[in-house]
Every structure is written in structure tokens, then in C-alpha cells.
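Some notes on the structure that comes next.
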Amino acid sequence: MEKYITYLVEWLQIKVKEAHASGLIVGVSGGIDSAVVANLIKRAFPNDSLGIIMPCYSSAEDVNDAKLVVKEANLKYHEINLDKTFDILIAELESDSEVSKEAKANTKARLRMSTLYALAQSNNYLVVGTDNACEWYTGYFTKYGDGGVDIAPLVHLTKSQVYEMARILGINQKIIDKIPSAGLIDNQSDEDEMQVTYVELEAYLNNEEVSQKAKARIEQLHQNSEHKRKIIAFPECEVSEVK
């Protein structure tokens with residue numbers, strides 16, 4: 001894993017160079033995945049890396065944990081509160097029709113994406129994603145929200161491997177011990193929302209035996225989220241090719 005950390009740091013540096021960018025930016029939530037990415041980008045670009053904490057009716061614990069992450073990583077950061085922005089947008093949307101609880105949750109993620117890209121463009125930085133292999137396979141991310149990024153360094157790491165990397169990077173035990181949650185809905189956890197555990201997900205991805213119930217749920221999540229892992233769909237034919 002230490003070698004893989006070195007590989008990822010060098011990979012991040014290469015990607016920035018290829019894009020003719022100057023550095024990297026990540027949204028820091030207070031969770032384990034963004035904590036790992038925050039430490040990786042600091043190693044890759046000590047003077048050109050930035051963490052953004054974006055509370056949007058977030059719990060005080062998550063905000064404090066995010067601050068703990070950036071401070072212990074010695075990562076420069078900004079805190080941008082999106083509560084009012086969210087309220088204004090939802091009020092405008094609901095002046096015409098009701099917005100579902102799920103749509104409101106995903107709107108929070110998309111507001112954070114817009115915030116990150118505004119700051120990334122202003123600094124000539126790339127936006128770094130935090131999705132791991134389990135989230136990517138099941139589509140457990142918001143399309144054009146936390147899934148709207150330039151590069152995704154953790155996409156080949158299972159959740160247990162993210163924890164292993166976190167320990168090597170020296171991430172605070174409080175962050176490691178937190179129950180994984182997207183933080184978009186109160187009293188929500190990843191496993192409750194996905195209706196499958198990370199242990200079952202990892203076993204499935206490693207071609208190990210899992211219960212029929214878990215297998216069916218994982219395959220359903222994967223199939224239903226296929227559109228999230230593809231680029232925008234284009235018609236196969238041009239005007240001149242249609243007969």
C-alpha cells in the first residue's frame with residue numbers, strides 16, 4: 001500500500017501536468033475517503049492544493065471533522081456555507097412543483113460540485129474525486145455532484161483498502177472510526193441506503209461468495225447506475241448517414 005500511495009501521488013502530478021493545470025482541489029466532508037484524498041493532494045502539490053469545506057445543512061460533527069482533516073494534513077482550506085444558496089434554489093424550484101427528498105439531497109451535492117469548479121477554474125486546478133471502487137461499481141454517488149470531477153484516484157480501492165491507506169497516511173482515528181455516510185440526509189448511512197454492507201460489496205468485487213440477496217442487490221445497483229459511469233450519449237448517425 002505504501003508503494004501504491006507513491007504511485008498515486010506521482011499519478012496526480014502527471015495528470016496535472018497533462019492538463020496544463022497548476023494544482024488540485026477537493027471537497028472535504030469529514031469522511032474517510034475525502035480525508036485520504038486531502039492527504040494525497042497535499043503530498044502531490046504541497047503549495048498548490050486546496051481543500052473546500054462546504055456545509056449545506058450539514059451536522060456540526062461533520063464540519064468539525066472536516067476541519068480536523070485539513071488541519072492535520074496541513075492543507076490550505078476555505079469554508080463556504082451553502083445553506084442560503086440551497087434555500088434560495090429550492091424555494092424557486094418549489095414555486096412551481098414539489099421537489100422530492102432525494103432530489104434535494106442530490107442538489108446539495110451538485111451545489112458543491114459547482115462551488116469546486118468555480119474555485120478550480122479560478123486557480124487553474126483540477127477537481128479531485130473521492131469515490132472508491134465500491135461506490136463506483138454501485139453508482140453510489142450523485143451524477144454531476146460528487147461524481148462530477150476531473151480525476152478519481154481512489155476508484156480502484158475497496159473500502160477496506162481506503163482504511164488501510166488512511167492508517168498509513170496517519171489520518172486521525174476519529175475519522176477512521178466514523179460510520180460511512182454521504183451526509184446528504186439526516187441519520188443516514190451508506191450501508192443502510194445501499195441495503196448492502198461494504199463487506200459484502202468487497203467480497204462480490206473480489207469474486208468471493210456472498211448471499212443471493214446481497215448478490216441480487218449489488219447487481220441491481222450496478223445495472224441501474226450504468227448511465228452514471230458513461231459519457232453523455234450521442235446519436236450514432238449524422239444527418240447524412242440516415243437513409
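Residues are named by chain letter and number: chains run A, B, ... in the order of the C-alpha cells, numbers start at 1 in each chain, and ligands are numbered from 1 in the order shown.
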
Neighbours of region 3-19 of chain A within 12 Å (only C-alpha atoms; same-chain residues fewer than 5 positions away dropped), as an mmCIF file with C-alpha atoms, in the first residue's frame?
```
data_model
loop_
_atom_site.group_PDB
_atom_site.id
_atom_site.type_symbol
_atom_site.label_atom_id
_atom_site.label_comp_id
_atom_site.auth_asym_id
_atom_site.auth_seq_id
_atom_site.Cartn_x
_atom_site.Cartn_y
_atom_site.Cartn_z
ATOM 1 C CA LEU A 24 -5.530 20.161 -7.151
ATOM 2 C CA ILE A 25 -8.726 20.862 -5.202
ATOM 3 C CA VAL A 36 -7.383 10.202 2.190
ATOM 4 C CA VAL A 37 -7.623 12.359 -0.951
ATOM 5 C CA ALA A 38 -6.832 15.505 1.039
ATOM 6 C CA ASN A 39 -3.606 13.914 2.233
ATOM 7 C CA LEU A 40 -2.710 12.635 -1.221
ATOM 8 C CA ILE A 41 -3.119 16.000 -2.945
ATOM 9 C CA LYS A 42 -1.082 17.696 -0.218
ATOM 10 C CA ARG A 43 1.749 15.246 -0.903
ATOM 11 C CA ALA A 44 1.446 15.730 -4.654
ATOM 12 C CA PHE A 45 1.306 19.536 -4.546
ATOM 13 C CA PRO A 46 2.415 20.880 -1.162
ATOM 14 C CA ASP A 48 -0.835 24.120 -4.799
ATOM 15 C CA SER A 49 -3.516 22.010 -3.145
ATOM 16 C CA ASN A 124 -6.232 26.563 -12.638
ATOM 17 C CA TYR A 125 -6.666 23.446 -10.501
ATOM 18 C CA LEU A 126 -8.181 20.043 -11.281
ATOM 19 C CA VAL A 127 -11.118 18.800 -9.207
ATOM 20 C CA VAL A 128 -10.280 15.520 -7.488
ATOM 21 C CA GLY A 129 -12.984 12.959 -6.740
ATOM 22 C CA ASP A 150 -11.717 15.613 -13.320
ATOM 23 C CA ILE A 151 -9.818 12.691 -11.797
ATOM 24 C CA ALA A 152 -10.672 9.906 -9.340
ATOM 25 C CA PRO A 153 -7.586 8.424 -7.634
ATOM 26 C CA LEU A 154 -9.415 6.006 -5.297
ATOM 27 C CA VAL A 155 -11.560 4.283 -7.913
ATOM 28 C CA HIS A 156 -9.577 1.009 -7.742
ATOM 29 C CA LEU A 157 -9.547 0.853 -3.926
ATOM 30 C CA GLN A 161 -8.088 -0.619 1.255
ATOM 31 C CA VAL A 162 -9.088 3.015 1.784
ATOM 32 C CA GLU A 164 -5.539 0.724 5.148
ATOM 33 C CA MET A 165 -4.265 3.733 3.212
ATOM 34 C CA ALA A 166 -5.721 6.080 5.819
ATOM 35 C CA ARG A 167 -3.768 4.387 8.591
ATOM 36 C CA ILE A 168 -0.518 4.644 6.635
ATOM 37 C CA LEU A 169 -1.194 8.317 5.925
#
```

- Query: Could you pull the residues within 10 Å of Asn224 (chain A), counting only C-alpha atoms, minus those fewer than 6 positions along the same chain, as number ranges by chain?
  - Reply: A: 138-139, 218

- Task: Excluding region 146-148 of chain A and any residue of its chain fewer than 4 positions from it, enumerate the residues within 7 Å of it, using only C-alpha atoms, and give them as a VMD selection string.
- Result: chain A and resid 109 113 129 141 to 142

- Just the residues within 8 Å of region 89-106 of chain A, please, counting only C-alpha atoms, with nothing from its chain fewer than 2 positions along; format it as a ChimeraX atom specification. /A:85-87,108-110,142,145,184-185

So that I have them on file, write out the residues from the current selection with N, CA, C and O atoms, as a PDB file, in the first residue's frame.
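For reference, result.pdb as written:
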```pdb
ATOM      1  N   THR A  85     -27.771  29.424  -0.236  1.00  0.00           N
ATOM      2  CA  THR A  85     -27.845  29.133  -1.673  1.00  0.00           C
ATOM      3  C   THR A  85     -28.820  27.995  -1.936  1.00  0.00           C
ATOM      4  O   THR A  85     -29.653  28.057  -2.858  1.00  0.00           O
ATOM      5  N   PHE A  86     -28.745  26.971  -1.109  1.00  0.00           N
ATOM      6  CA  PHE A  86     -29.649  25.823  -1.221  1.00  0.00           C
ATOM      7  C   PHE A  86     -31.095  26.267  -0.998  1.00  0.00           C
ATOM      8  O   PHE A  86     -31.994  25.898  -1.770  1.00  0.00           O
ATOM      9  N   ASP A  87     -31.332  27.059   0.029  1.00  0.00           N
ATOM     10  CA  ASP A  87     -32.690  27.516   0.346  1.00  0.00           C
ATOM     11  C   ASP A  87     -33.296  28.305  -0.816  1.00  0.00           C
ATOM     12  O   ASP A  87     -34.464  28.111  -1.178  1.00  0.00           O
ATOM     13  N   LYS A 108     -27.756  19.258  -3.086  1.00  0.00           N
ATOM     14  CA  LYS A 108     -26.650  19.664  -2.211  1.00  0.00           C
ATOM     15  C   LYS A 108     -25.312  19.266  -2.834  1.00  0.00           C
ATOM     16  O   LYS A 108     -24.366  20.052  -2.868  1.00  0.00           O
ATOM     17  N   ALA A 109     -25.246  18.027  -3.324  1.00  0.00           N
ATOM     18  CA  ALA A 109     -24.003  17.543  -3.934  1.00  0.00           C
ATOM     19  C   ALA A 109     -23.663  18.326  -5.190  1.00  0.00           C
ATOM     20  O   ALA A 109     -22.487  18.614  -5.468  1.00  0.00           O
ATOM     21  N   ARG A 110     -24.673  18.700  -5.956  1.00  0.00           N
ATOM     22  CA  ARG A 110     -24.424  19.436  -7.203  1.00  0.00           C
ATOM     23  C   ARG A 110     -24.029  20.885  -6.930  1.00  0.00           C
ATOM     24  O   ARG A 110     -23.247  21.471  -7.685  1.00  0.00           O
ATOM     25  N   THR A 142     -23.617  11.010  -6.605  1.00  0.00           N
ATOM     26  CA  THR A 142     -24.559  11.856  -7.327  1.00  0.00           C
ATOM     27  C   THR A 142     -24.006  12.203  -8.696  1.00  0.00           C
ATOM     28  O   THR A 142     -22.897  12.729  -8.807  1.00  0.00           O
ATOM     29  N   GLY A 145     -22.621  15.513  -9.326  1.00  0.00           N
ATOM     30  CA  GLY A 145     -22.442  16.023  -7.973  1.00  0.00           C
ATOM     31  C   GLY A 145     -21.054  15.626  -7.528  1.00  0.00           C
ATOM     32  O   GLY A 145     -20.060  16.080  -8.092  1.00  0.00           O
ATOM     33  N   LEU A 184     -25.941  13.652   3.232  1.00  0.00           N
ATOM     34  CA  LEU A 184     -26.917  14.461   2.499  1.00  0.00           C
ATOM     35  C   LEU A 184     -28.308  14.400   3.127  1.00  0.00           C
ATOM     36  O   LEU A 184     -29.138  15.275   2.912  1.00  0.00           O
ATOM     37  N   ILE A 185     -28.553  13.341   3.911  1.00  0.00           N
ATOM     38  CA  ILE A 185     -29.831  13.148   4.587  1.00  0.00           C
ATOM     39  C   ILE A 185     -29.538  12.831   6.043  1.00  0.00           C
ATOM     40  O   ILE A 185     -28.604  12.076   6.356  1.00  0.00           O
TER      41      ILE A 185
END
```

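All residues of protein, DNA or RNA that reach within 10 Å of Leu68 (chain A), judged by only C-alpha atoms and not counting those fewer than 6 positions away in the chain, are A:Gly30, A:Ala35, A:Asp62, A:Asn74, A:Ile171, A:Asn172, A:Lys174, A:Ile175.
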
Go ahead and dump the residues you just picked, N, CA, C and O atoms, as a PDB file, in the first residue's frame.
```pdb
ATOM      1  N   GLY A  30     -15.288  15.372   5.899  1.00  0.00           N
ATOM      2  CA  GLY A  30     -15.118  14.835   7.240  1.00  0.00           C
ATOM      3  C   GLY A  30     -15.156  13.322   7.261  1.00  0.00           C
ATOM      4  O   GLY A  30     -15.004  12.698   8.312  1.00  0.00           O
ATOM      5  N   ALA A  35     -10.756  12.408   3.326  1.00  0.00           N
ATOM      6  CA  ALA A  35      -9.574  12.586   4.176  1.00  0.00           C
ATOM      7  C   ALA A  35      -8.331  12.005   3.497  1.00  0.00           C
ATOM      8  O   ALA A  35      -7.255  12.611   3.497  1.00  0.00           O
ATOM      9  N   ASP A  62     -19.715  16.738  11.321  1.00  0.00           N
ATOM     10  CA  ASP A  62     -19.068  16.579  10.019  1.00  0.00           C
ATOM     11  C   ASP A  62     -18.186  17.779   9.687  1.00  0.00           C
ATOM     12  O   ASP A  62     -17.081  17.627   9.161  1.00  0.00           O
ATOM     13  N   ASN A  74      -2.290  19.630   7.119  1.00  0.00           N
ATOM     14  CA  ASN A  74      -1.637  20.917   6.817  1.00  0.00           C
ATOM     15  C   ASN A  74      -2.018  21.405   5.428  1.00  0.00           C
ATOM     16  O   ASN A  74      -1.194  21.935   4.681  1.00  0.00           O
ATOM     17  N   ILE A 171      -4.057   9.340   9.245  1.00  0.00           N
ATOM     18  CA  ILE A 171      -5.321  10.046   9.442  1.00  0.00           C
ATOM     19  C   ILE A 171      -5.872   9.740  10.828  1.00  0.00           C
ATOM     20  O   ILE A 171      -5.785   8.617  11.326  1.00  0.00           O
ATOM     21  N   ASN A 172      -6.444  10.750  11.435  1.00  0.00           N
ATOM     22  CA  ASN A 172      -6.937  10.664  12.800  1.00  0.00           C
ATOM     23  C   ASN A 172      -7.902   9.488  12.982  1.00  0.00           C
ATOM     24  O   ASN A 172      -8.768   9.247  12.141  1.00  0.00           O
ATOM     25  N   LYS A 174     -10.387   9.140  14.855  1.00  0.00           N
ATOM     26  CA  LYS A 174     -11.786   9.564  14.904  1.00  0.00           C
ATOM     27  C   LYS A 174     -12.433   9.493  13.526  1.00  0.00           C
ATOM     28  O   LYS A 174     -13.588   9.091  13.386  1.00  0.00           O
ATOM     29  N   ILE A 175     -11.681   9.879  12.503  1.00  0.00           N
ATOM     30  CA  ILE A 175     -12.193   9.830  11.129  1.00  0.00           C
ATOM     31  C   ILE A 175     -12.320   8.389  10.668  1.00  0.00           C
ATOM     32  O   ILE A 175     -13.297   8.013  10.014  1.00  0.00           O
TER      33      ILE A 175
END
```

- Message: as a ChimeraX atom specification, please: every residue in region 35-146 of chain A that a backbone DSSP assignment puts in strand (DSSP E or B).
- Response: /A:49-53,77-79,125-128

- Query: Counting only C-alpha atoms, what is within 12 Å of Ile232 (chain A), bar same-chain residues fewer than 4 positions away, as a list in words?
  - Reply: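 Here the answer would be Lys143, Tyr144, Glu226, His227 and Lys228 of chain A.
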
I need the chosen residues saved as a PDB file, in the first residue's frame, with N, CA and C atoms.
```pdb
ATOM      1  N   LYS A 143     -24.775  11.901  -9.729  1.00  0.00           N
ATOM      2  CA  LYS A 143     -24.368  12.257 -11.084  1.00  0.00           C
ATOM      3  C   LYS A 143     -24.258  13.776 -11.189  1.00  0.00           C
ATOM      4  N   TYR A 144     -23.099  14.237 -11.668  1.00  0.00           N
ATOM      5  CA  TYR A 144     -22.786  15.669 -11.747  1.00  0.00           C
ATOM      6  C   TYR A 144     -22.803  16.336 -10.370  1.00  0.00           C
ATOM      7  N   GLU A 226     -25.653   2.311 -14.431  1.00  0.00           N
ATOM      8  CA  GLU A 226     -24.723   2.235 -15.562  1.00  0.00           C
ATOM      9  C   GLU A 226     -24.561   3.585 -16.250  1.00  0.00           C
ATOM     10  N   HIS A 227     -25.648   4.337 -16.346  1.00  0.00           N
ATOM     11  CA  HIS A 227     -25.590   5.640 -17.022  1.00  0.00           C
ATOM     12  C   HIS A 227     -24.638   6.604 -16.337  1.00  0.00           C
ATOM     13  N   LYS A 228     -24.395   6.414 -15.041  1.00  0.00           N
ATOM     14  CA  LYS A 228     -23.507   7.318 -14.308  1.00  0.00           C
ATOM     15  C   LYS A 228     -22.042   7.130 -14.694  1.00  0.00           C
TER      16      LYS A 228
END
```

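You can rank A:Gly51, A:Glu135, A:Ser240, A:Ala66 by their closest distance to Thr115 (chain A) using only C-alpha atoms, and at the top of that list sits A:Gly51.
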